[in-house]
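Below is one structure, written out as structure tokens, with a few remarks after it.
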Amino acid sequence: MDDQLRRLVDRQAIVDAMHAYATAVDLNRPDEQVEVFTERCRVNYGAGDVGWIHGRGALLETLRVALAEFVATNHRITNIQIDFDGSDAATAVSSVYAWHRYADGRPDFHLFGRYHDIWERTTEGWRMSERRLKVAGAIDGPDAEQLEPIGRNS
Amino acid sequence: MDDQLRRLVDRQAIVDAMHAYATAVDLNRPDEQVEVFTERCRVNYGAGDVGWIHGRGALLETLRVALAEFVATNHRITNIQIDFDGSDAATAVSSVYAWHRYADGRPDFHLFGRYHDIWERTTEGWRMSERRLKVAGAIDGPDAEQLEPIGRNS
Amino acid sequence: MDDQLRRLVDRQAIVDAMHAYATAVDLNRPDEQVEVFTERCRVNYGAGDVGWIHGRGALLETLRVALAEFVATNHRITNIQIDFDGSDAATAVSSVYAWHRYADGRPDFHLFGRYHDIWERTTEGWRMSERRLKVAGAIDGPDAEQLEPIGRNS
């Protein structure tokens with residue numbers, strides 16, 4: 001296949017997997033959510049260098065607890081930028097707006113962030129080996145000042 | 001044409017039509033909005049199994065009334081996932097965030113939902129034969145509890 | 001290369017540049033933001049026919065001042081519709097939701113708008129020769145009534 005066509009096809013496969021992740025979160029299906037990752041992935045939800053979650057198993061436990069706080073969420077993925085590194089790896093940056101409604105009735109949490117990902121072609125298709133959330137800001141919810149910032153110039 | 005290329009071209013045509021729908025809504029042009037559908041379409045804006053609107057004519061009347069409530073809207077379509085069923089049909093799921101400002105000054109209505117669509121290749125291009133809105137949640141506006149939910153695990 | 005493939009590749013290049021613009025804004029890097037434009041571009045942030053900014057240099061100065069008002073922003077680009085005019089030019093319309101947090105603690109400014117762009121193929125890649133923001137509405141922030149509207153039917 002033509003290289004440029006292959007790249008577009010690969011790009012679409014990665015984008016589809018990003019959206020499968022968001023669908024799984026919003027339906028509270030952490031078991032499907034972790035399938036987007038490699039078995040030995042590492043994931044960081046804004047905790048900075050000390051906050052890595054290692055492996056699908058630990059990620060599943062973290063997500064189960066985290067998602068149980070909410071009765072509804074909506075993760076909106078836009079501004080997807082993908083850079084390929086050879087034919088079987090890619091880095092991706094995307095913009096996420098995540099709306100969260102708490103089970104306990106607290107005000108809705110609105111998160112504006114960026115996902116920094118590493119994607120790999122595996123025998124089962126493209127999977128994430130790393131996702132790192134950086135935070136532009138938030139409305140209500142946990143103190144966004146505590147989360148890793150996107151690095152805006154002041 | 002190569003099958004993979006054809007699929008990408010078809011995918012883009014469907015995405016373009018989804019955006020044409022949103023543009024038409026936000027410009028309050030229901031006559032253009034219904035052109036994205038097949039003549040014999042059915043559409044359901046969260047009303048569940050009993051709430052289908054049948055055909056372009058009925059849809060146009062519904063939209064005219066519904067859009068007159070607002071002075072401004074913004075329909076933001078993201079997370080588009082398309083599955084082709086052969087070469088001339090596809091199902092699509094997308095995520096919509098719709099901001100609505102009422103003509104009567106009520107607080108803005110923010111809707112977080114998912115469109116579940118069936119698309120068909122026609123002689124005029126790709127058209128929707130079915131759109132079904134499911135709702136993740138809302139801020140203000142009509143009681144989202146009454147609308148068909150996306151089916152999140154509790 | 002096949003014409004349809006070339007169009008998809010060009011389309012992706014323009015989309016990538018739109019996202020590079022948003023990334024640069026949100027990181028407060030106006031020097032990178034203006035690189036998405038041609039040297040002799042013109043840009044209009046909702047000021048209507050009298051409000052054009054001419055050229056990269058003037059744009060840079062405008063952006064430096066404007067972005068200094070905020071401690072955080074998030075520019076979310078969706079609903080991208082691109083029409084090619086021959087092989088080296090295109091018009092594009094996209095939908096932007098821009099969240100702004102002020103440095104002085106005023107309530108967050110939420111803008112719902114549409115970018116109307118002209119893109120050109122240059123020796124450095126696709127660049128914008130024109131961007132015109134039209135506004136669907138806003139929450140807080142500057143008086144949206146003063147900004148050029150998207151032209152919704154009343």
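Just so we're on the same page: first chain in the structure tokens is A, next is B, and so on; residues restart at 1 for each chain, and ligands are numbered from 1 in the order they show up.
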Quick check for you: according to DSSP on this backbone, which residues of segment 15-49 of chain A are classed as alpha helix (DSSP H)? Reply as an MDAnalysis selection string. chainID A and resid 15:26 30:33
What are the residues of chain B that have an atom within 10 Å of an atom of chain A, counting only C-alpha atoms, as a ChimeraX atom specification? /B:2,4-5,7-8,76-82,93-97,112-114,135-139,150-154
Check chain C with DSSP on the backbone and list each residue it calls strand (DSSP E), as a VMD selection string. chain C and resid 37 to 44 53 to 54 70 to 84 89 to 102 109 to 122 125 to 139
Exercise: Leu147 of chain C partners within 9 Å, only C-alpha atoms, chain neighbours under 6 positions left out, as a list in words: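 Answer for this query is Tyr45, Gly46, Ala47, Gly48, Leu133, Lys134 and Val135 of chain C.
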Any chance you can output those residues with N, CA, C and O atoms as a PDB file, in the first residue's frame?
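File result-v6.pdb, as written:
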```pdb
ATOM      1  N   TYR C  45     -10.982  39.062  14.776  1.00  0.00           N
ATOM      2  CA  TYR C  45     -11.535  38.350  15.930  1.00  0.00           C
ATOM      3  C   TYR C  45     -12.911  38.882  16.338  1.00  0.00           C
ATOM      4  O   TYR C  45     -13.124  39.274  17.478  1.00  0.00           O
ATOM      5  N   GLY C  46     -13.793  38.907  15.368  1.00  0.00           N
ATOM      6  CA  GLY C  46     -15.176  39.251  15.694  1.00  0.00           C
ATOM      7  C   GLY C  46     -15.488  40.739  15.593  1.00  0.00           C
ATOM      8  O   GLY C  46     -16.580  41.169  15.957  1.00  0.00           O
ATOM      9  N   ALA C  47     -14.541  41.508  15.070  1.00  0.00           N
ATOM     10  CA  ALA C  47     -14.725  42.957  15.037  1.00  0.00           C
ATOM     11  C   ALA C  47     -15.466  43.431  13.795  1.00  0.00           C
ATOM     12  O   ALA C  47     -15.751  44.625  13.662  1.00  0.00           O
ATOM     13  N   GLY C  48     -15.777  42.508  12.868  1.00  0.00           N
ATOM     14  CA  GLY C  48     -16.536  42.914  11.684  1.00  0.00           C
ATOM     15  C   GLY C  48     -15.660  43.608  10.657  1.00  0.00           C
ATOM     16  O   GLY C  48     -14.425  43.607  10.756  1.00  0.00           O
ATOM     17  N   LEU C 133     -13.339  35.302  12.735  1.00  0.00           N
ATOM     18  CA  LEU C 133     -14.172  34.710  13.781  1.00  0.00           C
ATOM     19  C   LEU C 133     -15.562  35.322  13.741  1.00  0.00           C
ATOM     20  O   LEU C 133     -15.709  36.549  13.696  1.00  0.00           O
ATOM     21  N   LYS C 134     -16.569  34.446  13.745  1.00  0.00           N
ATOM     22  CA  LYS C 134     -17.945  34.902  13.937  1.00  0.00           C
ATOM     23  C   LYS C 134     -18.473  34.222  15.200  1.00  0.00           C
ATOM     24  O   LYS C 134     -18.061  33.113  15.539  1.00  0.00           O
ATOM     25  N   VAL C 135     -19.375  34.882  15.887  1.00  0.00           N
ATOM     26  CA  VAL C 135     -19.722  34.467  17.247  1.00  0.00           C
ATOM     27  C   VAL C 135     -21.169  33.992  17.333  1.00  0.00           C
ATOM     28  O   VAL C 135     -22.094  34.700  16.915  1.00  0.00           O
TER      29      VAL C 135
END
```
Excluding same-chain residues fewer than 4 positions from segment 53-64 of chain A, what lies within 7 Å of it counting only C-alpha atoms, as JSON, numbers by chain? {"A": [30, 31, 34, 39, 40, 41, 42, 43, 44, 68]}
Put those residues in a file: all heavy atoms, as a PDB file, in the first residue's frame.
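Saved to out.pdb:
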```
ATOM      1  N   PRO A  30     -14.778   0.105  32.756  1.00  0.00           N
ATOM      2  CA  PRO A  30     -13.313   0.157  32.848  1.00  0.00           C
ATOM      3  C   PRO A  30     -12.635  -1.063  32.234  1.00  0.00           C
ATOM      4  O   PRO A  30     -11.504  -0.965  31.761  1.00  0.00           O
ATOM      5  CB  PRO A  30     -13.052   0.271  34.356  1.00  0.00           C
ATOM      6  CG  PRO A  30     -14.328  -0.067  35.030  1.00  0.00           C
ATOM      7  CD  PRO A  30     -15.429   0.244  34.076  1.00  0.00           C
ATOM      8  N   ASP A  31     -13.315  -2.207  32.226  1.00  0.00           N
ATOM      9  CA  ASP A  31     -12.726  -3.394  31.607  1.00  0.00           C
ATOM     10  C   ASP A  31     -12.520  -3.186  30.104  1.00  0.00           C
ATOM     11  O   ASP A  31     -11.551  -3.680  29.530  1.00  0.00           O
ATOM     12  CB  ASP A  31     -13.595  -4.623  31.885  1.00  0.00           C
ATOM     13  CG  ASP A  31     -15.059  -4.390  31.525  1.00  0.00           C
ATOM     14  OD1 ASP A  31     -15.559  -3.262  31.764  1.00  0.00           O
ATOM     15  OD2 ASP A  31     -15.701  -5.305  30.992  1.00  0.00           O
ATOM     16  N   VAL A  34      -9.536  -0.380  29.566  1.00  0.00           N
ATOM     17  CA  VAL A  34      -8.131  -0.809  29.649  1.00  0.00           C
ATOM     18  C   VAL A  34      -7.689  -1.597  28.417  1.00  0.00           C
ATOM     19  O   VAL A  34      -6.486  -1.730  28.162  1.00  0.00           O
ATOM     20  CB  VAL A  34      -7.840  -1.635  30.929  1.00  0.00           C
ATOM     21  CG1 VAL A  34      -8.119  -0.791  32.168  1.00  0.00           C
ATOM     22  CG2 VAL A  34      -8.606  -2.936  30.957  1.00  0.00           C
ATOM     23  N   GLU A  39      -0.611  -4.281  27.689  1.00  0.00           N
ATOM     24  CA  GLU A  39      -0.605  -4.947  28.998  1.00  0.00           C
ATOM     25  C   GLU A  39       0.330  -4.229  29.979  1.00  0.00           C
ATOM     26  O   GLU A  39       0.031  -4.109  31.164  1.00  0.00           O
ATOM     27  CB  GLU A  39      -0.165  -6.411  28.807  1.00  0.00           C
ATOM     28  CG  GLU A  39      -0.303  -7.302  30.016  1.00  0.00           C
ATOM     29  CD  GLU A  39      -1.749  -7.436  30.478  1.00  0.00           C
ATOM     30  OE1 GLU A  39      -2.614  -7.740  29.630  1.00  0.00           O
ATOM     31  OE2 GLU A  39      -2.002  -7.219  31.673  1.00  0.00           O
ATOM     32  N   ARG A  40       1.453  -3.761  29.461  1.00  0.00           N
ATOM     33  CA  ARG A  40       2.480  -3.176  30.340  1.00  0.00           C
ATOM     34  C   ARG A  40       2.500  -1.653  30.270  1.00  0.00           C
ATOM     35  O   ARG A  40       3.531  -1.012  30.462  1.00  0.00           O
ATOM     36  CB  ARG A  40       3.852  -3.743  29.967  1.00  0.00           C
ATOM     37  CG  ARG A  40       3.850  -5.269  29.941  1.00  0.00           C
ATOM     38  CD  ARG A  40       5.179  -5.834  29.524  1.00  0.00           C
ATOM     39  NE  ARG A  40       6.122  -5.783  30.629  1.00  0.00           N
ATOM     40  CZ  ARG A  40       7.335  -6.314  30.602  1.00  0.00           C
ATOM     41  NH1 ARG A  40       7.762  -6.939  29.502  1.00  0.00           N
ATOM     42  NH2 ARG A  40       8.136  -6.225  31.635  1.00  0.00           N
ATOM     43  N   CYS A  41       1.363  -1.079  29.999  1.00  0.00           N
ATOM     44  CA  CYS A  41       1.240   0.379  29.860  1.00  0.00           C
ATOM     45  C   CYS A  41       1.589   1.112  31.162  1.00  0.00           C
ATOM     46  O   CYS A  41       1.665   0.510  32.234  1.00  0.00           O
ATOM     47  CB  CYS A  41      -0.195   0.729  29.487  1.00  0.00           C
ATOM     48  SG  CYS A  41      -1.397   0.263  30.757  1.00  0.00           S
ATOM     49  N   ARG A  42       1.777   2.426  31.025  1.00  0.00           N
ATOM     50  CA  ARG A  42       1.786   3.270  32.223  1.00  0.00           C
ATOM     51  C   ARG A  42       0.928   4.499  31.946  1.00  0.00           C
ATOM     52  O   ARG A  42       0.918   5.026  30.820  1.00  0.00           O
ATOM     53  CB  ARG A  42       3.200   3.621  32.674  1.00  0.00           C
ATOM     54  CG  ARG A  42       4.016   4.447  31.721  1.00  0.00           C
ATOM     55  CD  ARG A  42       5.364   4.818  32.362  1.00  0.00           C
ATOM     56  NE  ARG A  42       5.927   5.987  31.697  1.00  0.00           N
ATOM     57  CZ  ARG A  42       6.911   6.735  32.203  1.00  0.00           C
ATOM     58  NH1 ARG A  42       7.443   6.427  33.391  1.00  0.00           N
ATOM     59  NH2 ARG A  42       7.359   7.786  31.549  1.00  0.00           N
ATOM     60  N   VAL A  43       0.224   4.941  32.984  1.00  0.00           N
ATOM     61  CA  VAL A  43      -0.793   5.979  32.831  1.00  0.00           C
ATOM     62  C   VAL A  43      -0.686   6.939  34.011  1.00  0.00           C
ATOM     63  O   VAL A  43      -0.413   6.515  35.137  1.00  0.00           O
ATOM     64  CB  VAL A  43      -2.214   5.362  32.776  1.00  0.00           C
ATOM     65  CG1 VAL A  43      -3.270   6.438  32.604  1.00  0.00           C
ATOM     66  CG2 VAL A  43      -2.312   4.344  31.641  1.00  0.00           C
ATOM     67  N   ASN A  44      -0.917   8.209  33.716  1.00  0.00           N
ATOM     68  CA  ASN A  44      -0.739   9.231  34.737  1.00  0.00           C
ATOM     69  C   ASN A  44      -1.847  10.273  34.586  1.00  0.00           C
ATOM     70  O   ASN A  44      -1.895  10.996  33.589  1.00  0.00           O
ATOM     71  CB  ASN A  44       0.641   9.883  34.540  1.00  0.00           C
ATOM     72  CG  ASN A  44       1.074  10.666  35.744  1.00  0.00           C
ATOM     73  OD1 ASN A  44       0.268  11.388  36.327  1.00  0.00           O
ATOM     74  ND2 ASN A  44       2.331  10.520  36.123  1.00  0.00           N
ATOM     75  N   ALA A  68     -16.533   5.267  40.053  1.00  0.00           N
ATOM     76  CA  ALA A  68     -17.666   5.047  40.963  1.00  0.00           C
ATOM     77  C   ALA A  68     -18.103   6.334  41.661  1.00  0.00           C
ATOM     78  O   ALA A  68     -19.204   6.403  42.219  1.00  0.00           O
ATOM     79  CB  ALA A  68     -17.301   3.983  41.997  1.00  0.00           C
TER      80      ALA A  68
END
```
Got a sec: who's within 7 Å of Phe37 of chain B, counting only C-alpha atoms, leaving out chain neighbours fewer than 4 positions off, as a list in words? Cys41, Arg127, Met128 and Ser129 of chain B
So the first atom is atom CA of Asp10 of chain B and the second is atom CA of Glu124 of chain B; what is the distance between them in Å, to one decimal place?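 Between these atoms lies a distance of 13.1 Å.
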Between atom CA of Phe84 of chain A and atom CA of Thr122 of chain C - distance in Å to one decimal: 23.0 Å
Among listed residues C:Pro149, C:Gly125, C:Gly86, C:Gly141, nearest Pro107 of chain C (using only C-alpha atoms):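 Between C:Pro149, C:Gly125, C:Gly86, C:Gly141, the residue approaching Pro107 of chain C most closely is C:Gly141.
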Could you tell me how far atom CA of Ala90 of chain A lies from atom CA of Glu35 of chain C, in Å and to one decimal?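 Pair atom CA of Ala90 of chain A / atom CA of Glu35 of chain C returns 24.1 Å.
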